[in-house]
Amino acid sequence: MTITEPEARIYEPVIGIEIHVQLRTRTKMFCGCALSFGEEPNTLVCPVCLGHPGTLPVTNAEAVHYGLMIAMAFGCEIAPRSIFHRKNYFYPDLPKGYQISQYDIPLGTGGRLGDVRIHRVHLEEDAAKLIHAGSSGRIHGASTSVVDFNRGGTPLVEIVTEPDLTSAAQAADFGRLLQATLRRMGVSDVNMEEGSLRMDANVSIRPAGTATLGTKTELKNMNSFRFLERGIDAEIARQEQIVREGGELEQETLHYDPQSGSLTSLRSKEEAHDYRYFPEPDLVPIAPTEEMLERARAALPELPAARAERLERDLELPAETARLLAFRSDWGDFVERAIESRNALAHSVANWATNELAARVGDGDPSATMLEPKAFADLVEMVVQKQISASAGREVLDVLIEAGGEPASVVEAKGLGRAESGELEQIVDRAIADNPDAVEKIRAGKGQAIGAIVGAVMRETKGRADGGEVQRMINERIGS
Amino acid sequence: MSDELLNLTAAQQADRIEAGEVSADEVFEFWRVRAGGDDLGSYLWVADEVPTDAGTLPPIAVKDLFCVEGVPSMAGSRILEGYRPPYTATSVRNLQAAGARVLGKTNQDEFAMGSSNENSGFGPVQNPWDRERVPGGSSGGSAAAVAAGTAPWAIGTDTGGSIRQPASLCGIVGMKPTYGAISRYGMIAFASSLDQCGPLTRDVTDAAILLRHLQGKDPCDSTSLGIPGELPLPTAERLDGLRFGVWGMEEPGLEPGVADSVRATLGRIEELGGGVKEIELPNARHGIAAYYVIAPAEASANLARYDGVRYANRSGHGDLTSMYEQTRHDGFGDEVKRRIMIGTYALSSGYYEAYYGTAQKVRTKIAEDFSAAFEEVDFVVSPTSATVAFKLGERTADPLAMYLSDYYTVPMPLAGIPAISIPCGLSDGLPVGFQIAGPAFSEAGILDAAHALEKAIGFEGVPVG
């Protein structure tokens with residue numbers, strides 16, 4: 001019988017993600033106030049979202065529509081009658097003393113995104129924003145706290161995954177796919193820094209290969225994918241250390257500070273609230289009609305995961321390129337418009353887009369430049385067919401991005417057409433004759449000396465010649 | 001003319017206004033002076049002048065818990081003292097649109113929690129029939145004002161009997177419509193799944209007129225439906241072919257004088273051509289138990305917003321928790337605190353199924369009892385209250401005895417169905433109420449039956465002057 005020492009044991013993390021998405025509806029979840037984008041505090045409020053006596057909530061139909069779209073995007077089962085509950089707790093950012101949320105019958109259950117199973121999708125309302133004066137930055141110890149109710153009542157969709165993730169990197173990757181998917185659907189700004197996309201992670205560890213679930217902790221509100229990844233890694237390390245030292249893990253909610261890399265406890269299990277959930281008597285159930293379902297289905301665009309798969313399959317793009325284009329739908333759209341039916345060109349157009357074009361446009365949308373998708377593909381085609389050199393192509397691209405137009409006329413105007421072969425041969429011969437030292441070195445086995453001769457040819461042709469072709473011609477002539 | 005107004009129903013006053021025999025301004029001023037002279041404690045606020053446009057209907061006394069823009073609306077609670085809402089309740093707006101102006105805000109049990117009006121944060125109301133007795137509650141101010149002739153008509157709310165029981169104890173008509181008939185938007189909530197607005201009036205016709213104007217689907221209340229179809233004014237004088245199922249005549253707490261008066265009314269039903277038979281509502285006796293779990297549970301959440309953060313009164317210094325505690329300690333009365341505690345307990349993790357879950361099952365059973373009864377009869381009738389008006393202070397020391405005051409009125413809101421209380425006689429010189437309940441949205445039928453009975457009974461109100 002072998003006894004495995006605790007320190008020798010290998011642990012595997014088990015991670016589930018809880019996501020809150022602020023919907024980009026015209027009005028709030030339960031009243032007619034517009035959503036806030038940095039307006040003066042307490043200007044987008046009404047008796048309903050301030051929780052005045054006697055007011056009643058009314059469910060926002062557009063939020064239900066977006067909620068259905070999201071649930072359908074994951075292939076969730078849509079509840080025929082989902083209901084709202086009251087989640088009771090006192091806090092100054094919660095004007096009614098309860099949050100209206102979905103509880104035991106959510107909008108959608110049992111879906112999937114990528115290789116992660118989705119447990120549930122439900123609708124709820126956001127809390128207001130608290131600002132604390134004082135050093136702590138938290139309500140306890142603050143000298144004064146003020147509330148801005150503009151955000152209060154913003155529609156939220158909460159998405160909960162199954163604990164299917166096994167590393168911090170995988171969690172961040174899932175987050176990126178989710179963000180791209182929601183962005184493509186146009187249902188949210190999905191901006192983590194601004195809080196329209198918020199992620200919490202439930203983390204536990206277990207001996208590798210076992211099926212038990214260990215004590216989990218909840219990491220709150222990490223506002224970038226990088227912090228999400230770092231926070232989870234830090235928490236896995238913390239849990240492993242405790243277990244290796246023979247300690248007991250405590251179920252608690254933790255806050256990750258990206259500056260210091262430290263984790264601090266927000267509350268333990270004993271301090272957990274009893275939310276006293278009960279069905280919200282002020283609202284009727286959400287019972288989606290066939291028409292509502294059809295409208296949500298029809299509003300779903302092709303989603304990033306499906307698009308990546310299609311680009312890889314139909315256009316034979318490398319997986320990484322396909323994923324890049326699918327996740328940035330403005331780039332995917334541009335490239336697909338450029339290729340149109342010229343599928344043979346797809347690979348080159350995609351490469352030029354993700355390398356040359358991306359280097360020039362950065363994070364922007366290529367459609368926002370003067371470059372026409374068709375002109376871009378024409379340009380790539382000229383390079384592929386060696387009508388112009390790659391470096392000439394880059395020069396033309398600069399012009400097209402700035403001023404638009406047809407690549408052929410830019411080539412013509414700048415005299416960038418490929419050098420005639422007779423002319424090129426003469427130039428190569430002259431360059432060899434002018435650089436006897438380099439020729440000696442090449443013959444002596446110092447291959448890199450060829451650069452001097454190629455450079456001379458390129459200078460002479462003003463870059464119109466193809467570098468590879470020139471090298472081939474030089475090697476042929478000096479017999480190396 | 002003015003003194004004559006006192007002897008006219010609201011409908012008759014409206015006719016005089018329309019005929020040009022009296023101006024709306026004069027009518028408003030007459031009632032404003034009457035309301036200002038109230039010495040029963042009926043009012044918490046009275047209009048200080050005749051409005052620019054006095055409308056076409058006599059003015060209306062409104063229970064304090066209806067929000068009226070710029071007018072104190074405190075739901076009878078110290079925690080909302082000085083609160084003037086930035087908006088007006090849909091029900092009140094509907095009445096304003098119909099031509100009735102707000103005469104005043106009437107006293108009530110704090111947040112509608114009570115059956116005697118003794119739980120008001122602003123003092124009790126006296127019964128105009130006997131000043132040592134309660135007017136009933138929670139719409140005690142509205143009922144006393146109409147009975148005493150300090151309001152031509154009034155509105156209140158009924159959660160477990162809060163319109164019908166005070167109407168019964170004050171000798172006037174009070175109706176709780178079907179849940180959803182009238183918007184709840186702007187009614188300061190007690191128990192959201194039970195609360196319903198309704199009229200308190202001198203006669204059945206006035207109740208029908210108010211109901212007509214009050215009812216309707218409201219985009220601000222997703223549980224509102226309005227009353228489908230026409231709501232004609234009641235004209236019936238006979239009850240031929242109608243079947244009345246009587247219930248609860250053998251209850252031990254039923255006062256003999258009340259039972260006699262109700263039995264006499266059953267006799268009148270038969271004289272008018274109606275049929276009377278005894279029916280059973282096997283689960284009705286569990287109504288009080290279920291009600292006192294469901295209503296406090298909902299109230300415990302509805303009253304969480306009174307936290308001192310945004311409006312009305314804040315007390316306490318130091319940290320957030322002390323502010324919450326002191327504000328709610330100072331602002332709420334004992335009965336409100338008791339119900340918040342009961343409701344919070346009933347919803348707590350580990351107790352939810354046993355209390356709230358069971359109460360909801362009982363609620364379903366009671367609704368099924370009524371459905372079964374309406375297979376056999378058109379209306380279910382009973383006393384409205386087991387007793388006539390009781391003495392001030394008589395039940396305040398015993399919450400359970402007070403809760404039992406709602407015995408006959410609680411099953412209907414639990415089932416969501418409409419019911420009316422009309423005065424049917426006196427017992428020891430105090431009014432007795434007769435309750436008629438019908439299936440959901442049978443308001444027109446209930447009003448017609450009540451109208452025929454009212455004619456036959458010929459009840460005379462409290463002598464006022």
# chains A, B, ... in the order shown; residues from 1 in each chain; ligands from 1
>>> residues_around(residues="A:Gly110", least_positions_apart="4", cutoff="6 Å", atoms="only C-alpha atoms", output="ChimeraX atom specification")
/A:76,118-119
>>> residues_around(residues="stretch 400-409 of chain B", least_positions_apart="2", cutoff="6 Å", atoms="only C-alpha atoms", output="mmCIF file with N, CA and C atoms, in the first residue's frame")
data_model
loop_
_atom_site.group_PDB
_atom_site.id
_atom_site.type_symbol
_atom_site.label_atom_id
_atom_site.label_comp_id
_atom_site.auth_asym_id
_atom_site.auth_seq_id
_atom_site.Cartn_x
_atom_site.Cartn_y
_atom_site.Cartn_z
ATOM 1 N N GLY B 160 -57.618 42.393 3.505
ATOM 2 C CA GLY B 160 -58.239 41.235 4.152
ATOM 3 C C GLY B 160 -59.631 41.588 4.650
ATOM 4 N N GLY B 161 -60.118 42.763 4.245
ATOM 5 C CA GLY B 161 -61.436 43.215 4.698
ATOM 6 C C GLY B 161 -61.470 44.697 4.994
ATOM 7 N N THR B 384 -70.707 40.380 7.301
ATOM 8 C CA THR B 384 -69.408 40.950 6.958
ATOM 9 C C THR B 384 -68.472 40.837 8.155
ATOM 10 N N ARG B 395 -59.745 45.416 21.878
ATOM 11 C CA ARG B 395 -58.974 44.293 21.329
ATOM 12 C C ARG B 395 -57.498 44.609 21.124
ATOM 13 N N ASP B 398 -54.929 42.218 22.523
ATOM 14 C CA ASP B 398 -54.982 40.830 22.064
ATOM 15 C C ASP B 398 -54.967 40.789 20.530
ATOM 16 N N PRO B 411 -61.347 35.413 3.236
ATOM 17 C CA PRO B 411 -61.303 34.405 2.166
ATOM 18 C C PRO B 411 -61.419 34.996 0.749
#
>>> select_by_dssp(residues="stretch 199-238 of chain A", states="alpha helix (DSSP H)", output="list in words")
Phe225, Arg226, Phe227, Leu228, Glu229, Arg230, Gly231, Ile232, Asp233, Ala234, Glu235, Ile236, Ala237 and Arg238 of chain A
>>> closest_residue(among="B:Thr205, B:Thr150, B:Ser115, B:Thr344", to="chain A", atoms="only C-alpha atoms")
B:Thr344
>>> atom_distance(atom1="atom CA of A:Arg183", atom2="atom CA of A:Met72")
15.1 Å
>>> interface_residues(of="chain A", to="chain B", cutoff="7 Å", atoms="only C-alpha atoms", output="number ranges by chain")
A: 51, 53-56, 58, 88, 92, 95-98, 274, 276, 281-284
>>> residues_around(residues="A:Leu178", least_positions_apart="5", cutoff="9 Å", atoms="only C-alpha atoms", output="MDAnalysis selection string")
chainID A and resid 113:114 173 183
>>> closest_residue(among="A:Ala338, A:Ile70, A:Ala79, A:Ile236", to="A:Arg112", atoms="only C-alpha atoms")
A:Ile70
>>> residues_around(residues="A:Lys269", least_positions_apart="6", cutoff="8 Å", atoms="only C-alpha atoms", output="PDB file with C-alpha atoms, in the first residue's frame")
ATOM      1  CA  GLU A 250     -13.395  28.198   4.047  1.00  0.00           C
ATOM      2  CA  GLN A 251     -16.332  29.016   1.809  1.00  0.00           C
ATOM      3  CA  GLU A 252     -16.076  32.767   1.313  1.00  0.00           C
TER       4      GLU A 252
END
>>> residues_around(residues="stretch 265-276 of chain B", least_positions_apart="3", cutoff="12 Å", atoms="only C-alpha atoms", output="PyMOL selection string")
chain B and resi 236-247+249+258-262+279+376-383+422-426+432-436+449-459
>>> write_last_selection(atoms="N, CA and C atoms", output="short mmCIF file (atom, residue, chain, number, x, y, z; two decimals), in the first residue's frame")
data_model
loop_
_atom_site.label_atom_id
_atom_site.label_comp_id
_atom_site.auth_asym_id
_atom_site.auth_seq_id
_atom_site.Cartn_x
_atom_site.Cartn_y
_atom_site.Cartn_z
N ALA B 236 -81.77 46.67 -10.62
CA ALA B 236 -82.62 45.54 -10.24
C ALA B 236 -83.41 45.84 -8.97
N GLU B 237 -84.65 45.37 -8.93
CA GLU B 237 -85.46 45.48 -7.73
C GLU B 237 -85.95 44.11 -7.28
N ARG B 238 -85.70 43.10 -8.11
CA ARG B 238 -86.10 41.72 -7.79
C ARG B 238 -84.88 40.81 -7.87
N LEU B 239 -84.96 39.64 -7.27
CA LEU B 239 -83.85 38.69 -7.29
C LEU B 239 -84.30 37.35 -7.86
N ASP B 240 -85.32 37.41 -8.73
CA ASP B 240 -85.91 36.18 -9.24
C ASP B 240 -84.86 35.29 -9.91
N GLY B 241 -84.87 34.02 -9.51
CA GLY B 241 -84.01 33.03 -10.16
C GLY B 241 -82.58 33.02 -9.67
N LEU B 242 -82.23 33.96 -8.83
CA LEU B 242 -80.84 34.01 -8.35
C LEU B 242 -80.67 33.14 -7.12
N ARG B 243 -79.55 32.43 -7.06
CA ARG B 243 -79.31 31.50 -5.95
C ARG B 243 -78.24 32.06 -5.02
N PHE B 244 -78.55 32.13 -3.75
CA PHE B 244 -77.63 32.66 -2.74
C PHE B 244 -77.21 31.54 -1.80
N GLY B 245 -75.90 31.34 -1.70
CA GLY B 245 -75.38 30.32 -0.77
C GLY B 245 -74.91 31.01 0.50
N VAL B 246 -75.51 30.63 1.64
CA VAL B 246 -75.13 31.30 2.88
C VAL B 246 -74.11 30.47 3.64
N TRP B 247 -73.18 31.16 4.26
CA TRP B 247 -72.03 30.48 4.88
C TRP B 247 -71.69 31.16 6.21
N MET B 249 -72.94 30.80 9.39
CA MET B 249 -73.95 31.23 10.37
C MET B 249 -73.81 30.48 11.70
N VAL B 258 -76.21 40.15 15.36
CA VAL B 258 -75.73 40.18 13.98
C VAL B 258 -76.39 39.05 13.20
N ALA B 259 -76.42 37.84 13.80
CA ALA B 259 -77.03 36.69 13.15
C ALA B 259 -78.49 36.95 12.82
N ASP B 260 -79.22 37.57 13.75
CA ASP B 260 -80.64 37.88 13.52
C ASP B 260 -80.81 38.79 12.32
N SER B 261 -80.00 39.83 12.29
CA SER B 261 -80.11 40.80 11.21
C SER B 261 -79.81 40.15 9.86
N VAL B 262 -78.80 39.27 9.85
CA VAL B 262 -78.42 38.58 8.60
C VAL B 262 -79.55 37.63 8.19
N ILE B 279 -74.31 26.65 2.23
CA ILE B 279 -73.19 26.02 1.53
C ILE B 279 -72.00 25.90 2.47
N GLU B 376 -72.89 25.87 -7.78
CA GLU B 376 -74.23 25.64 -7.23
C GLU B 376 -75.04 26.91 -7.04
N VAL B 377 -74.33 28.02 -6.74
CA VAL B 377 -75.05 29.26 -6.44
C VAL B 377 -74.42 30.42 -7.23
N ASP B 378 -75.18 31.52 -7.32
CA ASP B 378 -74.67 32.71 -8.01
C ASP B 378 -73.83 33.57 -7.09
N PHE B 379 -74.23 33.61 -5.81
CA PHE B 379 -73.52 34.45 -4.84
C PHE B 379 -73.30 33.69 -3.54
N VAL B 380 -72.22 34.05 -2.87
CA VAL B 380 -71.97 33.51 -1.53
C VAL B 380 -72.21 34.65 -0.55
N VAL B 381 -73.09 34.45 0.43
CA VAL B 381 -73.41 35.54 1.36
C VAL B 381 -73.12 35.13 2.80
N SER B 382 -72.89 36.15 3.62
CA SER B 382 -72.53 35.91 5.03
C SER B 382 -72.60 37.24 5.76
N PRO B 383 -72.44 37.22 7.10
CA PRO B 383 -72.20 38.49 7.78
C PRO B 383 -70.88 39.05 7.28
N ILE B 422 -73.18 45.61 2.51
CA ILE B 422 -74.22 46.65 2.59
C ILE B 422 -74.83 46.60 3.99
N PRO B 423 -75.28 47.75 4.50
CA PRO B 423 -75.89 47.73 5.82
C PRO B 423 -77.24 47.02 5.76
N CYS B 424 -77.50 46.13 6.72
CA CYS B 424 -78.74 45.36 6.65
C CYS B 424 -79.60 45.52 7.90
N GLY B 425 -79.17 46.34 8.84
CA GLY B 425 -79.99 46.52 10.03
C GLY B 425 -79.14 46.95 11.20
N LEU B 426 -79.77 47.01 12.36
CA LEU B 426 -79.06 47.43 13.57
C LEU B 426 -79.12 46.31 14.60
N VAL B 432 -75.18 46.59 11.21
CA VAL B 432 -74.75 45.24 10.85
C VAL B 432 -74.54 45.23 9.34
N GLY B 433 -73.46 44.55 8.89
CA GLY B 433 -73.18 44.48 7.45
C GLY B 433 -73.50 43.11 6.88
N PHE B 434 -74.02 43.11 5.66
CA PHE B 434 -74.34 41.87 4.95
C PHE B 434 -73.41 41.79 3.75
N GLN B 435 -72.72 40.66 3.63
CA GLN B 435 -71.70 40.53 2.58
C GLN B 435 -72.18 39.66 1.44
N ILE B 436 -71.99 40.15 0.19
CA ILE B 436 -72.33 39.38 -1.01
C ILE B 436 -71.06 39.23 -1.84
N ALA B 449 -77.68 42.81 -7.38
CA ALA B 449 -78.29 42.10 -6.24
C ALA B 449 -78.30 43.01 -5.00
N ALA B 450 -77.18 43.70 -4.78
CA ALA B 450 -77.07 44.58 -3.62
C ALA B 450 -78.08 45.72 -3.73
N HIS B 451 -78.28 46.21 -4.95
CA HIS B 451 -79.23 47.30 -5.18
C HIS B 451 -80.65 46.88 -4.82
N ALA B 452 -81.06 45.69 -5.28
CA ALA B 452 -82.40 45.20 -4.98
C ALA B 452 -82.60 45.03 -3.47
N LEU B 453 -81.57 44.47 -2.80
CA LEU B 453 -81.67 44.25 -1.36
C LEU B 453 -81.71 45.58 -0.60
N GLU B 454 -80.87 46.51 -1.05
CA GLU B 454 -80.80 47.82 -0.41
C GLU B 454 -82.17 48.50 -0.41
N LYS B 455 -82.86 48.41 -1.56
CA LYS B 455 -84.21 48.98 -1.68
C LYS B 455 -85.15 48.34 -0.67
N ALA B 456 -85.06 47.00 -0.61
CA ALA B 456 -85.97 46.26 0.25
C ALA B 456 -85.70 46.52 1.74
N ILE B 457 -84.40 46.67 2.07
CA ILE B 457 -84.03 46.87 3.48
C ILE B 457 -84.37 48.29 3.95
N GLY B 458 -84.13 49.28 3.09
CA GLY B 458 -84.41 50.66 3.42
C GLY B 458 -83.65 51.16 4.65
N PHE B 459 -82.38 50.82 4.73
CA PHE B 459 -81.56 51.21 5.88
C PHE B 459 -81.40 52.72 5.94
#
>>> residues_around(residues="stretch 325-328 of chain B", least_positions_apart="2", cutoff="9 Å", atoms="only C-alpha atoms", output="mmCIF file with N, CA and C atoms, in the first residue's frame")
data_model
loop_
_atom_site.group_PDB
_atom_site.id
_atom_site.type_symbol
_atom_site.label_atom_id
_atom_site.label_comp_id
_atom_site.auth_asym_id
_atom_site.auth_seq_id
_atom_site.Cartn_x
_atom_site.Cartn_y
_atom_site.Cartn_z
ATOM 1 N N ILE B 79 -43.403 57.113 9.790
ATOM 2 C CA ILE B 79 -42.155 57.003 9.015
ATOM 3 C C ILE B 79 -42.266 57.801 7.712
ATOM 4 N N TYR B 306 -38.538 51.700 3.411
ATOM 5 C CA TYR B 306 -38.545 52.807 4.380
ATOM 6 C C TYR B 306 -37.298 52.688 5.244
ATOM 7 N N ASP B 307 -36.171 53.099 4.639
ATOM 8 C CA ASP B 307 -34.869 52.865 5.263
ATOM 9 C C ASP B 307 -34.161 54.161 5.634
ATOM 10 N N GLY B 308 -34.827 55.307 5.400
ATOM 11 C CA GLY B 308 -34.217 56.580 5.760
ATOM 12 C C GLY B 308 -33.221 57.104 4.741
ATOM 13 N N ASN B 313 -38.579 60.314 6.759
ATOM 14 C CA ASN B 313 -37.804 60.521 7.984
ATOM 15 C C ASN B 313 -36.616 59.603 8.168
ATOM 16 N N ARG B 314 -35.522 60.212 8.631
ATOM 17 C CA ARG B 314 -34.319 59.453 8.975
ATOM 18 C C ARG B 314 -33.969 59.805 10.407
ATOM 19 N N SER B 315 -33.633 58.798 11.197
ATOM 20 C CA SER B 315 -33.095 59.122 12.515
ATOM 21 C C SER B 315 -31.871 58.268 12.771
ATOM 22 N N GLY B 316 -31.138 58.621 13.808
ATOM 23 C CA GLY B 316 -29.962 57.853 14.172
ATOM 24 C C GLY B 316 -28.703 58.430 13.598
ATOM 25 N N HIS B 317 -27.621 58.198 14.285
ATOM 26 C CA HIS B 317 -26.322 58.684 13.850
ATOM 27 C C HIS B 317 -25.387 57.498 13.783
ATOM 28 N N LEU B 320 -24.225 52.875 9.149
ATOM 29 C CA LEU B 320 -25.406 52.562 8.347
ATOM 30 C C LEU B 320 -26.420 51.726 9.117
ATOM 31 N N THR B 321 -25.940 50.692 9.802
ATOM 32 C CA THR B 321 -26.851 49.797 10.504
ATOM 33 C C THR B 321 -27.614 50.533 11.599
ATOM 34 N N SER B 322 -26.931 51.405 12.355
ATOM 35 C CA SER B 322 -27.649 52.147 13.406
ATOM 36 C C SER B 322 -28.675 53.082 12.791
ATOM 37 N N MET B 323 -28.347 53.678 11.643
ATOM 38 C CA MET B 323 -29.308 54.572 10.987
ATOM 39 C C MET B 323 -30.554 53.786 10.595
ATOM 40 N N ASP B 330 -38.059 54.197 15.260
ATOM 41 C CA ASP B 330 -38.851 55.392 15.555
ATOM 42 C C ASP B 330 -40.075 55.512 14.657
ATOM 43 N N GLY B 331 -39.943 55.078 13.399
ATOM 44 C CA GLY B 331 -40.978 55.374 12.407
ATOM 45 C C GLY B 331 -42.157 54.422 12.403
ATOM 46 N N PHE B 332 -41.922 53.139 12.713
ATOM 47 C CA PHE B 332 -42.996 52.147 12.628
ATOM 48 C C PHE B 332 -43.670 51.945 13.984
ATOM 49 N N LYS B 337 -44.329 46.592 13.169
ATOM 50 C CA LYS B 337 -43.122 45.849 13.542
ATOM 51 C C LYS B 337 -43.447 44.367 13.726
#
>>> residues_around(residues="A:Asn343", least_positions_apart="5", cutoff="10 Å", atoms="only C-alpha atoms", output="list in words")
Asp314, Leu315, Glu316, Glu336, Ser348 and Val349 of chain A
